[in-house]
Structure formats: C-alpha cells, structure tokens
Amino acid sequence: MGISRTIRIAVVQPDDKCDLDRMGEWLEQDGVELRVIRPFAGDAVPASIHDDALIVLGGAMGVHDGDAYPYIDDIKSLLRATADADLPTLGVCLGAQLLADALGGEVAVGGEGLESGLVRIRLLDDAVGDPLVKSLPAQMLMPSLHFDAITRLPRDAVLLGTGEVYPNQVFRVGSSWGVQFHPEISPTRFVEWRDEVPMPLLAEVDAQAREFESADTAVSDDARHLTRGFVGIVRGRRADAGSRDGHS
C-alpha cells in the first residue's frame, strides 16, 4: 500500500488586504499544505506550477490593470497554463474575473454598480453533481464586494450559479472554477474592506456588515462546504494520479 502524501495548493494573493482569511484555516484543517505567492510583495508569479492545485484570490485592482500591476498579466498566463494542464483551479472574485478573461471571456465595470454584502446565489441545473458545489443548497447567501463583473463567460464555460444583479456568479471550464463572491471572508474582514467603498455607500455597507454577522452561521457553513468540495476535487485528482502511477 502506498503512502498518501499531503496535498499542496499554490495560492496567488494579488492584494495585501485579500488573503485566505478563514478559508486558510479550513484548508489546513483538511490537511492541505499551502504555498502562498504574494506578487504585491515582490514574489514572482510562475509560468507554471507543480502543486496539486491553484487558488487565485481577490484584490482591489482590475483585470485590465496590467500596466499598473504587471503581475496581473502573469496571473492570467498562469491560469491559462493550469487550464491547459487540467490542474484543479479556483478563482475567487478578481481571481474568477482573471480566469474568465484568460480563457476568452470578458470583464468590464459592472453596469449595475457595486455589488456588496450578502448576495443570494441560485444554483442552476448544471450544478447538480458538480464536485465543487454538490453539497451546497439550491440557494445560499455569500459575501460579495466588487465593482467589475464578468460580462461574458468563456466559450466552453458552464454556468453553475447565478445572482439577481450579476448573473455569472459560479462557472466552470474543465477543471477550473470561478466564483464571483468571497467564500473565504469573515464578517470582520468585510468590515475591514469598507475603506475601499465610496463614502456615499458607507452607511449601506455598514448595514450589510451587520446582516453578515447575523447570518454568518449559515454563510460560514456553506462556504466551508464549498472549500471542502474543492479539497475533494484535488484529493480525487491526486488519488487518480497515484492509481495510474501504481499501474504503470
């Protein structure tokens, strides 16, 4: 019998204010070794990775801000590489937008303005049996804070979940998944992000923070299940690779 090694996930964090927050704890509780790449602090974004999976987090910058943040284009190149390699990948908010753009979709300033607070996500028929979201309820609330939106999905994408304001909330292309919301954040982190919000919207965001705090038992449970779903994908892929190696 072979020894099952710990799975390792590379995490690209584009912004110093947008780390894994409580998702990091959940991943470590599930026995995941994390390798965090922080390009804002000078870490180089590799052209490819040899980890078991990739997560790309959010940030205040946009998909088209490559001139100001050159590593944005490097992240898109990495996302194309992981998609080509069929490596399990999860893009979160900006990470989902970068994934969509990298694979041929389109991202623009959201026509309906800022989407923030708890957003109701409705899973679609194509989500049934999908390994990332199969343990989630048909409707759920997830924290969100974004100005840009995915206006067109990549050609081969499958839309798994939608929202009332911006429709492209959860999608999949092969072994790459994108979520427009922030399953990783706690109510505390949401409050910390209020500085990114224009002054006229602060009162509304403060009210949203209180709503998030009140609903967090259900929100965190669903976010935990989504995280566990991704870990299950990675473990399954690792087990399949080990089985093939054992029979080669």
# chains A, B, ... in the order shown; residues from 1 in each chain; ligands from 1

$ residues_around --residues "stretch 47-58 of chain A" --least-positions-apart "2" --cutoff "8 Å" --atoms "only C-alpha atoms" --output "PyMOL selection string"
chain A and resi 7-15+18-20+45+60+74+77-78+81-82+87-96+234+238

$ write_last_selection --atoms "C-alpha atoms" --output "short mmCIF file (atom, residue, chain, number, x, y, z; two decimals), in the first residue's frame"
data_model
loop_
_atom_site.label_atom_id
_atom_site.label_comp_id
_atom_site.auth_asym_id
_atom_site.auth_seq_id
_atom_site.Cartn_x
_atom_site.Cartn_y
_atom_site.Cartn_z
CA ILE A 7 -1.76 17.70 -1.00
CA ARG A 8 -0.26 21.11 -1.69
CA ILE A 9 -2.16 24.07 -3.10
CA ALA A 10 -0.49 27.16 -4.53
CA VAL A 11 -2.33 30.36 -3.64
CA VAL A 12 -1.79 33.58 -5.59
CA GLN A 13 -2.70 36.60 -3.45
CA PRO A 14 -2.71 39.73 -5.67
CA ASP A 15 -3.55 42.22 -2.90
CA CYS A 18 -7.16 39.96 0.35
CA ASP A 19 -5.65 36.88 1.96
CA LEU A 20 -7.28 33.50 2.55
CA VAL A 45 4.22 34.61 -10.42
CA ALA A 60 -8.86 45.97 -5.45
CA ASP A 74 1.38 36.95 -15.29
CA SER A 77 -0.83 33.40 -18.11
CA LEU A 78 -0.62 31.05 -15.14
CA ALA A 81 -1.33 27.15 -18.08
CA THR A 82 -3.27 25.41 -15.31
CA LEU A 87 -5.00 21.26 -12.92
CA PRO A 88 -7.77 21.94 -10.36
CA THR A 89 -8.07 25.71 -10.06
CA LEU A 90 -10.34 28.04 -8.10
CA GLY A 91 -10.64 31.75 -8.85
CA VAL A 92 -12.24 33.98 -6.21
CA CYS A 93 -13.78 37.36 -7.17
CA LEU A 94 -10.89 39.06 -9.03
CA GLY A 95 -9.47 35.55 -9.44
CA ALA A 96 -12.70 34.46 -11.16
CA VAL A 234 -7.90 17.92 -5.51
CA ARG A 238 -4.29 13.11 -6.65
#

$ residues_around --residues "A:Pro187" --least-positions-apart "3" --cutoff "6 Å" --atoms "only C-alpha atoms" --output "ChimeraX atom specification"
/A:190,212-213

$ write_last_selection --atoms "C-alpha atoms" --output "PDB file, in the first residue's frame"
ATOM      1  CA  PHE A 190     -15.788  42.517   5.351  1.00  0.00           C
ATOM      2  CA  PHE A 212     -23.483  39.338   7.514  1.00  0.00           C
ATOM      3  CA  GLU A 213     -22.707  38.965  11.218  1.00  0.00           C
TER       4      GLU A 213
END

$ atom_distance --atom1 "atom CA of A:Ala223" --atom2 "atom CA of A:Leu27"
11.7 Å

$ select_by_dssp --residues "stretch 24-171 of chain A" --states "helix (DSSP H, G or I)" --output "PyMOL selection string"
chain A and resi 24-29+39-41+71-84+94-102+125-127

$ write_last_selection --atoms "C-alpha atoms" --output "tab-separated table (two decimals), in the first residue's frame"
chain	number	residue	atom	x	y	z
A	24	GLY	CA	-6.87	29.22	5.12
A	25	GLU	CA	-7.83	27.67	8.45
A	26	TRP	CA	-10.33	25.38	6.77
A	27	LEU	CA	-7.80	24.20	4.21
A	28	GLU	CA	-5.20	23.49	6.88
A	29	GLN	CA	-7.79	21.63	8.96
A	39	PRO	CA	3.24	39.34	-6.08
A	40	PHE	CA	2.37	42.64	-4.37
A	41	ALA	CA	5.32	41.92	-2.05
A	71	TYR	CA	1.76	40.70	-12.37
A	72	ILE	CA	-1.92	40.73	-13.37
A	73	ASP	CA	-0.94	39.55	-16.85
A	74	ASP	CA	1.38	36.95	-15.29
A	75	ILE	CA	-1.54	35.58	-13.26
A	76	LYS	CA	-3.65	35.31	-16.41
A	77	SER	CA	-0.83	33.40	-18.11
A	78	LEU	CA	-0.62	31.05	-15.14
A	79	LEU	CA	-4.39	30.48	-15.24
A	80	ARG	CA	-4.14	29.56	-18.93
A	81	ALA	CA	-1.33	27.15	-18.08
A	82	THR	CA	-3.27	25.41	-15.31
A	83	ALA	CA	-6.33	25.16	-17.55
A	84	ASP	CA	-4.21	23.60	-20.31
A	94	LEU	CA	-10.89	39.06	-9.03
A	95	GLY	CA	-9.47	35.55	-9.44
A	96	ALA	CA	-12.70	34.46	-11.16
A	97	GLN	CA	-12.60	37.53	-13.39
A	98	LEU	CA	-8.98	36.86	-14.30
A	99	LEU	CA	-9.89	33.25	-15.08
A	100	ALA	CA	-12.77	34.30	-17.32
A	101	ASP	CA	-10.62	36.87	-19.14
A	102	ALA	CA	-7.68	34.49	-19.51
A	125	ASP	CA	-29.40	22.57	-13.20
A	126	ASP	CA	-25.82	22.14	-14.42
A	127	ALA	CA	-24.65	22.40	-10.80
